[in-house]
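Listing of my_file.cif; format and content: mmCIF, C-alpha atoms and all ligand atoms.
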data_query
loop_
_atom_site.label_atom_id
_atom_site.label_comp_id
_atom_site.auth_asym_id
_atom_site.auth_seq_id
_atom_site.Cartn_x
_atom_site.Cartn_y
_atom_site.Cartn_z
CA MET T 1 43.60 10.00 -32.12
CA THR T 2 44.07 6.27 -32.54
CA SER T 3 43.20 3.36 -30.30
CA THR T 4 46.85 3.17 -29.23
CA ASP T 5 46.77 6.67 -27.70
CA HIS T 6 44.94 5.65 -24.57
CA ASP T 7 44.48 2.98 -22.02
CA PRO T 8 40.92 1.69 -22.61
CA SER T 9 40.85 0.10 -19.18
CA ALA T 10 41.59 3.48 -17.53
CA ALA T 11 39.43 3.74 -14.43
CA PRO T 12 37.16 6.72 -13.77
CA PRO T 13 37.94 8.73 -10.60
CA HIS T 14 35.37 7.00 -8.35
CA PRO T 15 34.68 3.68 -10.03
CA VAL T 16 31.28 2.12 -9.54
CA PRO T 17 31.56 -1.64 -8.94
CA ARG T 18 30.86 -3.45 -12.20
CA THR T 19 28.32 -5.63 -10.44
CA VAL T 20 26.01 -2.61 -10.03
CA ARG T 21 23.99 -2.70 -13.23
CA THR T 22 22.14 0.24 -14.73
CA PHE T 23 19.56 -1.98 -16.45
CA HIS T 24 16.71 -4.25 -15.37
CA PRO T 25 17.16 -7.87 -16.39
CA ARG T 26 14.15 -8.51 -18.64
CA ARG T 27 13.08 -11.14 -21.07
CA GLY T 28 11.27 -10.31 -24.19
CA ARG T 29 9.64 -12.26 -26.94
CA MET T 30 10.91 -11.64 -30.43
CA THR T 31 8.71 -11.53 -33.48
CA GLY T 32 9.60 -13.79 -36.40
CA ARG T 33 10.85 -10.76 -38.27
CA GLN T 34 13.16 -9.77 -35.38
CA THR T 35 14.52 -13.32 -35.01
CA ASP T 36 15.28 -13.39 -38.72
CA ALA T 37 16.91 -9.93 -38.65
CA LEU T 38 19.08 -10.84 -35.66
CA GLY T 39 20.31 -14.07 -37.24
CA ARG T 40 21.08 -12.55 -40.63
CA LEU T 41 22.26 -9.06 -39.74
CA PHE T 42 24.02 -9.28 -36.38
CA PRO T 43 27.12 -10.92 -37.91
CA ALA T 44 27.53 -7.93 -40.26
CA TYR T 45 26.30 -5.00 -38.13
CA GLY T 46 26.58 -6.29 -34.57
CA LEU T 47 29.25 -6.40 -31.95
CA ASP T 48 29.15 -8.50 -28.78
CA VAL T 49 30.52 -6.82 -25.68
CA PRO T 50 31.17 -9.43 -23.03
CA ASP T 51 31.79 -8.37 -19.43
CA GLY T 52 35.35 -8.09 -18.20
CA PRO T 53 38.53 -7.07 -19.94
CA GLY T 54 38.28 -7.17 -23.70
CA ALA T 55 40.01 -5.96 -26.82
CA PRO T 56 39.81 -2.22 -27.59
CA VAL T 57 37.10 -1.23 -30.05
CA ASP T 58 38.27 0.93 -32.94
CA PRO T 59 35.26 2.73 -34.49
CA ALA T 60 37.07 3.23 -37.81
CA VAL T 61 37.45 -0.54 -38.15
CA LEU T 62 33.87 -1.16 -37.02
CA PHE T 63 32.38 1.25 -39.58
CA GLY T 64 35.00 0.85 -42.30
CA ARG T 65 35.61 4.60 -42.47
CA ALA T 66 36.85 7.46 -40.30
CA ALA T 67 33.79 9.62 -39.61
CA PRO T 68 32.51 11.34 -36.45
CA VAL T 69 30.88 8.78 -34.15
CA VAL T 70 27.67 9.14 -32.12
CA LEU T 71 27.22 6.65 -29.28
CA GLU T 72 23.62 6.01 -28.22
CA ILE T 73 23.38 4.29 -24.85
CA GLY T 74 20.25 2.23 -24.23
CA SER T 75 18.80 2.44 -27.73
CA GLY T 76 15.66 0.47 -26.72
CA MET T 77 13.76 -0.57 -29.85
CA GLY T 78 16.05 1.56 -32.01
CA GLU T 79 13.45 4.03 -33.34
CA THR T 80 15.52 7.07 -32.39
CA THR T 81 18.78 5.62 -33.67
CA ALA T 82 17.28 4.73 -37.04
CA VAL T 83 15.68 8.16 -37.55
CA MET T 84 18.70 10.16 -36.43
CA ALA T 85 21.23 8.04 -38.35
CA GLY T 86 19.07 8.21 -41.48
CA ALA T 87 19.02 12.02 -41.29
CA ASP T 88 22.75 12.28 -40.57
CA PRO T 89 24.65 10.06 -43.06
CA ASP T 90 28.01 11.79 -42.51
CA ARG T 91 28.24 10.56 -38.93
CA ASP T 92 28.36 6.96 -37.72
CA TYR T 93 25.91 5.76 -35.06
CA LEU T 94 26.94 3.12 -32.55
CA ALA T 95 23.92 1.95 -30.54
CA VAL T 96 24.36 -0.17 -27.44
CA GLU T 97 21.63 -2.19 -25.73
CA VAL T 98 21.27 -5.27 -23.56
CA HIS T 99 17.71 -6.07 -24.61
CA THR T 100 17.92 -8.53 -27.50
CA PRO T 101 14.49 -7.82 -29.07
CA GLY T 102 15.46 -4.12 -29.23
CA ILE T 103 18.75 -4.97 -30.92
CA ALA T 104 16.93 -7.18 -33.40
CA ASN T 105 14.34 -4.49 -34.08
CA LEU T 106 17.05 -1.92 -34.81
CA LEU T 107 18.81 -4.34 -37.17
CA ASP T 108 15.53 -4.79 -39.02
CA LEU T 109 15.11 -1.00 -39.29
CA VAL T 110 18.69 -0.66 -40.53
CA GLU T 111 18.02 -3.10 -43.34
CA ARG T 112 14.59 -1.72 -44.26
CA ARG T 113 15.91 1.84 -44.42
CA GLY T 114 19.19 0.89 -46.13
CA LEU T 115 21.29 2.55 -43.41
CA ARG T 116 25.04 2.09 -43.76
CA ASN T 117 26.10 4.19 -40.77
CA VAL T 118 24.69 2.12 -37.89
CA ARG T 119 26.31 -0.60 -35.80
CA VAL T 120 24.68 -2.27 -32.82
CA ALA T 121 26.55 -3.43 -29.74
CA ARG T 122 25.02 -6.05 -27.46
CA GLY T 123 26.08 -5.78 -23.82
CA ASP T 124 26.67 -3.31 -21.03
CA ALA T 125 27.32 0.15 -22.45
CA LEU T 126 29.84 0.87 -19.70
CA GLU T 127 31.94 -2.11 -20.78
CA LEU T 128 31.81 -0.86 -24.36
CA VAL T 129 32.78 2.69 -23.39
CA ARG T 130 35.79 1.41 -21.43
CA ARG T 131 37.03 -0.19 -24.67
CA LEU T 132 36.67 2.92 -26.82
CA PRO T 133 39.64 5.25 -27.38
CA ALA T 134 39.79 8.50 -25.42
CA GLY T 135 38.47 11.38 -27.52
CA SER T 136 36.90 9.04 -30.10
CA LEU T 137 33.26 10.18 -29.87
CA ASP T 138 31.60 13.20 -31.43
CA ALA T 139 28.46 12.78 -29.33
CA VAL T 140 26.89 10.60 -26.66
CA HIS T 141 23.10 10.24 -26.51
CA ILE T 142 21.33 8.95 -23.41
CA PHE T 143 17.60 9.13 -24.05
CA PHE T 144 15.16 8.08 -21.33
CA PRO T 145 17.59 6.08 -19.20
CA ASP T 146 15.93 3.92 -16.54
CA PRO T 147 15.14 6.41 -13.75
CA TRP T 148 15.73 4.09 -10.76
CA PRO T 149 13.45 6.31 -8.60
CA LYS T 150 14.08 4.71 -5.18
CA SER T 151 17.02 6.30 -3.36
CA ARG T 152 18.55 2.93 -2.61
CA HIS T 153 18.71 2.35 -6.38
CA HIS T 154 20.28 5.69 -7.33
CA LYS T 155 23.65 3.93 -7.54
CA ARG T 156 22.25 2.13 -10.60
CA ARG T 157 21.62 5.31 -12.55
CA LEU T 158 23.53 5.77 -15.78
CA VAL T 159 24.01 9.47 -15.23
CA GLN T 160 26.20 9.67 -12.13
CA PRO T 161 29.63 11.28 -11.61
CA ALA T 162 31.90 8.29 -12.34
CA HIS T 163 30.03 7.35 -15.53
CA VAL T 164 29.94 10.96 -16.69
CA ALA T 165 33.72 11.25 -16.17
CA LEU T 166 34.24 8.10 -18.26
CA LEU T 167 31.93 9.28 -21.05
CA ARG T 168 33.46 12.75 -21.09
CA ASP T 169 36.92 11.19 -21.49
CA ARG T 170 35.74 9.36 -24.62
CA LEU T 171 34.28 12.56 -26.12
CA ALA T 172 36.46 14.64 -28.42
CA PRO T 173 36.95 18.27 -27.38
CA GLY T 174 33.77 20.11 -28.43
CA GLY T 175 31.85 16.83 -28.53
CA SER T 176 28.38 16.74 -26.95
CA LEU T 177 26.63 14.76 -24.25
CA HIS T 178 22.85 14.85 -24.74
CA CYS T 179 20.51 13.39 -22.14
CA ALA T 180 16.72 13.37 -22.08
CA THR T 181 14.39 12.18 -19.35
CA ASP T 182 10.74 12.36 -18.35
CA TRP T 183 11.60 11.87 -14.68
CA ALA T 184 11.71 15.34 -13.07
CA GLU T 185 13.86 14.45 -10.08
CA TYR T 186 16.36 12.56 -12.27
CA ALA T 187 16.47 15.56 -14.63
CA GLU T 188 17.54 17.81 -11.74
CA ALA T 189 20.07 15.24 -10.52
CA MET T 190 21.45 14.89 -14.06
CA ARG T 191 21.82 18.65 -14.37
CA ASP T 192 23.66 18.85 -11.00
CA THR T 193 25.96 15.97 -11.98
CA LEU T 194 26.76 17.42 -15.40
CA ASP T 195 27.25 20.93 -13.98
CA ALA T 196 29.74 19.50 -11.46
CA ASP T 197 32.00 18.03 -14.14
CA PRO T 198 34.78 20.60 -14.66
CA GLU T 199 35.36 19.51 -18.28
CA LEU T 200 31.73 19.90 -19.40
CA VAL T 201 29.96 23.12 -20.31
CA ASN T 202 26.19 23.46 -20.58
CA ALA T 203 25.30 24.48 -24.16
CA TYR T 204 22.18 26.23 -22.77
CA ASP T 205 21.20 28.03 -19.63
CA GLY T 206 19.88 25.03 -17.68
CA PHE T 207 17.57 22.70 -19.62
CA ALA T 208 17.80 22.76 -23.42
CA PRO T 209 14.87 23.56 -25.70
CA ARG T 210 13.54 20.31 -27.16
CA PRO T 211 15.73 19.65 -30.20
CA ALA T 212 13.74 18.92 -33.36
CA HIS T 213 16.29 16.31 -34.46
CA ARG T 214 15.40 14.01 -31.54
CA PRO T 215 12.33 12.13 -32.78
CA VAL T 216 9.30 11.61 -30.54
CA THR T 217 9.23 7.92 -29.69
CA LYS T 218 6.46 5.75 -28.28
CA PHE T 219 8.24 6.07 -24.95
CA GLU T 220 8.09 9.87 -25.00
CA ARG T 221 4.46 9.93 -26.18
CA ARG T 222 3.52 7.71 -23.23
CA ALA T 223 5.32 10.03 -20.81
CA LEU T 224 3.59 13.10 -22.23
CA LEU T 225 0.17 11.41 -22.04
CA ALA T 226 0.89 10.57 -18.40
CA GLY T 227 1.65 14.26 -17.74
CA ARG T 228 5.42 13.90 -17.43
CA PRO T 229 7.15 16.61 -19.48
CA VAL T 230 10.51 15.76 -21.00
CA ALA T 231 13.73 17.58 -20.12
CA ASP T 232 16.75 17.71 -22.46
CA LEU T 233 20.27 18.52 -21.29
CA ILE T 234 23.07 19.19 -23.80
CA TYR T 235 26.65 19.70 -22.64
CA ARG T 236 29.91 20.07 -24.56
CA ARG T 237 33.32 18.84 -23.62
CA ARG T 238 35.78 21.74 -23.29
C1 LIG T 301 13.72 3.24 -20.50
S1 LIG T 301 14.52 2.50 -21.84
C2 LIG T 301 14.62 3.77 -23.08
C3 LIG T 301 14.93 3.25 -24.45
C4 LIG T 301 15.11 4.28 -25.57
N1 LIG T 301 16.26 5.12 -25.33
C5 LIG T 301 13.87 5.10 -25.82
O1 LIG T 301 13.95 6.33 -25.70
O2 LIG T 301 12.81 4.53 -26.13
C6 LIG T 301 16.21 2.39 -21.26
C7 LIG T 301 17.02 1.37 -22.03
O3 LIG T 301 18.38 1.46 -21.63
C8 LIG T 301 18.91 0.15 -21.64
N2 LIG T 301 20.10 0.16 -20.77
C9 LIG T 301 20.18 0.59 -19.50
N3 LIG T 301 21.44 0.49 -19.03
C10 LIG T 301 22.18 -0.01 -20.06
C11 LIG T 301 23.54 -0.34 -20.19
N4 LIG T 301 24.41 -0.18 -19.18
N5 LIG T 301 23.97 -0.83 -21.36
C12 LIG T 301 23.10 -1.01 -22.40
N6 LIG T 301 21.79 -0.70 -22.34
C13 LIG T 301 21.34 -0.21 -21.18
C14 LIG T 301 17.79 -0.73 -21.15
O4 LIG T 301 17.93 -2.07 -21.54
C15 LIG T 301 16.58 -0.06 -21.80
O5 LIG T 301 16.27 -0.64 -23.05
#
What is this file in structure tokens?
Ligand SMILES: C[S@@+](CC[C@H](N)C(=O)[O-])C[C@H]1O[C@@H](n2cnc3c(N)ncnc32)[C@H](O)[C@@H]1O
Amino acid sequence: MTSTDHDPSAAPPHPVPRTVRTFHPRRGRMTGRQTDALGRLFPAYGLDVPDGPGAPVDPAVLFGRAAPVVLEIGSGMGETTAVMAGADPDRDYLAVEVHTPGIANLLDLVERRGLRNVRVARGDALELVRRLPAGSLDAVHIFFPDPWPKSRHHKRRLVQPAHVALLRDRLAPGGSLHCATDWAEYAEAMRDTLDADPELVNAYDGFAPRPAHRPVTKFERRALLAGRPVADLIYRRR
């Protein structure tokens, strides 16, 4: 499949207005180390994703090779991306985040660990996904997405039917969509949404056993200490 085989602006069945954001606007201070990493490494390993129509993104060009691609949406400080990419050198990891200190932190980890299979996109993941070729992803990871617990904010959730349809379109047949959350009600809603997609099949019977390859991050440790168990969901595209 090449980037010419699809229309990257193809709309999902029930598009969510692009003004409805799935992230909280937040500022964050950067350490000196992060500022330095961002300045030096973003030009080589980073990709800006502005809002609105943009050029298609061809992962083979971005990584300089044709390997299976894992997209991690909302990579936070990048701990999970760095660990998983380091343990999986035959696949390429494309992390996308809006939070600049997190992007900078991941770039620093990439350099310190000598990772060659990581690229970091800065911007709204949904804009990036719209620019990726259909069938171009081997896996999509969504770990601890913002839960948006109030019902009036549910429209801001990442895992909702229109977004799932878009992500599933970018997965190759057999590719996986892996979500994890510590928010019980969101976990149930995620499972219902993923079950309802006719092109996705649950790889397990309901929630998945915690996969050992997903590292325990600070975020997960905090959830466990607060008594919120974590649920994993792993689906495959037919
Ligand atoms: C609760 S944090 C979890 C971070 C990380 N996955 C972890 O496990 O520590 C959710 C992250 O998703 C990011 N995010 C939410 N919606 C996003 C979007 N549409 N595009 C890019 N990043 C997004 C937020 O900026 C935030 O850093």
- Dump the neighbourhood of ligand LIG 301 (chain T) as a PyMOL selection string: all residues within 7 Å, distances computed on only C-alpha atoms and all ligand atoms. chain T and resi 21-24+73-77+80+96-99+123-126+142-146+158+217-220
- Could you check how far atom CA of Gly64 of chain T sits from atom CA of Ala121 of chain T, in Å to one decimal?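 Distance reported for this atom pair: 15.7 Å.
For the atom pair formed by atom CA of Glu72 of chain T and atom CA of Leu94 of chain T, the distance is 6.2 Å, given to one decimal.
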- Message: Could you check the closest approach to Ala67 of chain T for each of T:Asp92, T:Arg152, T:Asp48, T:Leu137 and tell me which residue wins, using only C-alpha atoms?
- Response: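 Smallest separation from Ala67 of chain T among the options: T:Asp92.
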- Message: For a quick check of understanding, using all atoms listed in the file, which of T:Ala139, T:Leu194, T:Ala187, T:Leu62 has the smallest distance to Leu171 of chain T?
- Response: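 Ranked by minimum distance to Leu171 of chain T, first place goes to T:Ala139.
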Box centre and edge lengths (Å, one decimal), axis-aligned, segment 222-232 of chain T plus 6 Å each side, as JSON:
{"center_x": 8.5, "center_y": 12.7, "center_z": -20.3, "size_x": 28.6, "size_y": 22.0, "size_z": 17.8}
- Note on the structure: Between atom CA of Ala203 of chain T and atom CA of Asp169 of chain T lies a distance of 17.9 Å
- Message: Can you pull out the residues contacting Asn202 of chain T? Cut-off 10 Å, using all atoms listed in the file, and skip same-chain residues under 3 positions away; I want them as a list in words.
- Response: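 With the cut-off at 10 Å, the set is Ser176, Leu177, Arg191, Leu194, Asp195, Asp205, Gly206, Phe207, Ala208, Leu233, Ile234, Tyr235, Arg236 and Arg237 of chain T.
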- Task: Considering only C-alpha atoms, state which residue in the set T:Asp108, T:Asp90, T:Glu199, T:Asp182 is at the smallest distance from Arg222 of chain T.
- Result: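 That would be T:Asp182, the residue with the smallest distance to Arg222 of chain T.
Considering the residues T:Arg29, T:Glu188, T:His213, T:Val164 and counting all atoms listed in the file, Val129 of chain T has its shortest atom-to-atom contact with T:Val164.
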- Message: Counting only C-alpha atoms, which residues sit no farther than 8 Å from the position (28.9, 12.4, -38.0) in the file's frame? I'd like them as a ChimeraX atom specification.
- Response: /T:67-70,88-93,138
- Counting all atoms listed in the file, the option among T:Ala180, T:Ala85, T:Met190, T:Ala60 closest to Gly114 of chain T: T:Ala85
- Rank nothing, just name the residue among T:Asp36, T:Glu127, T:Asp192, T:Asp197 nearest to Thr19 of chain T, using all atoms listed in the file.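 Checking each candidate against Thr19 of chain T, we get T:Glu127 as the closest.
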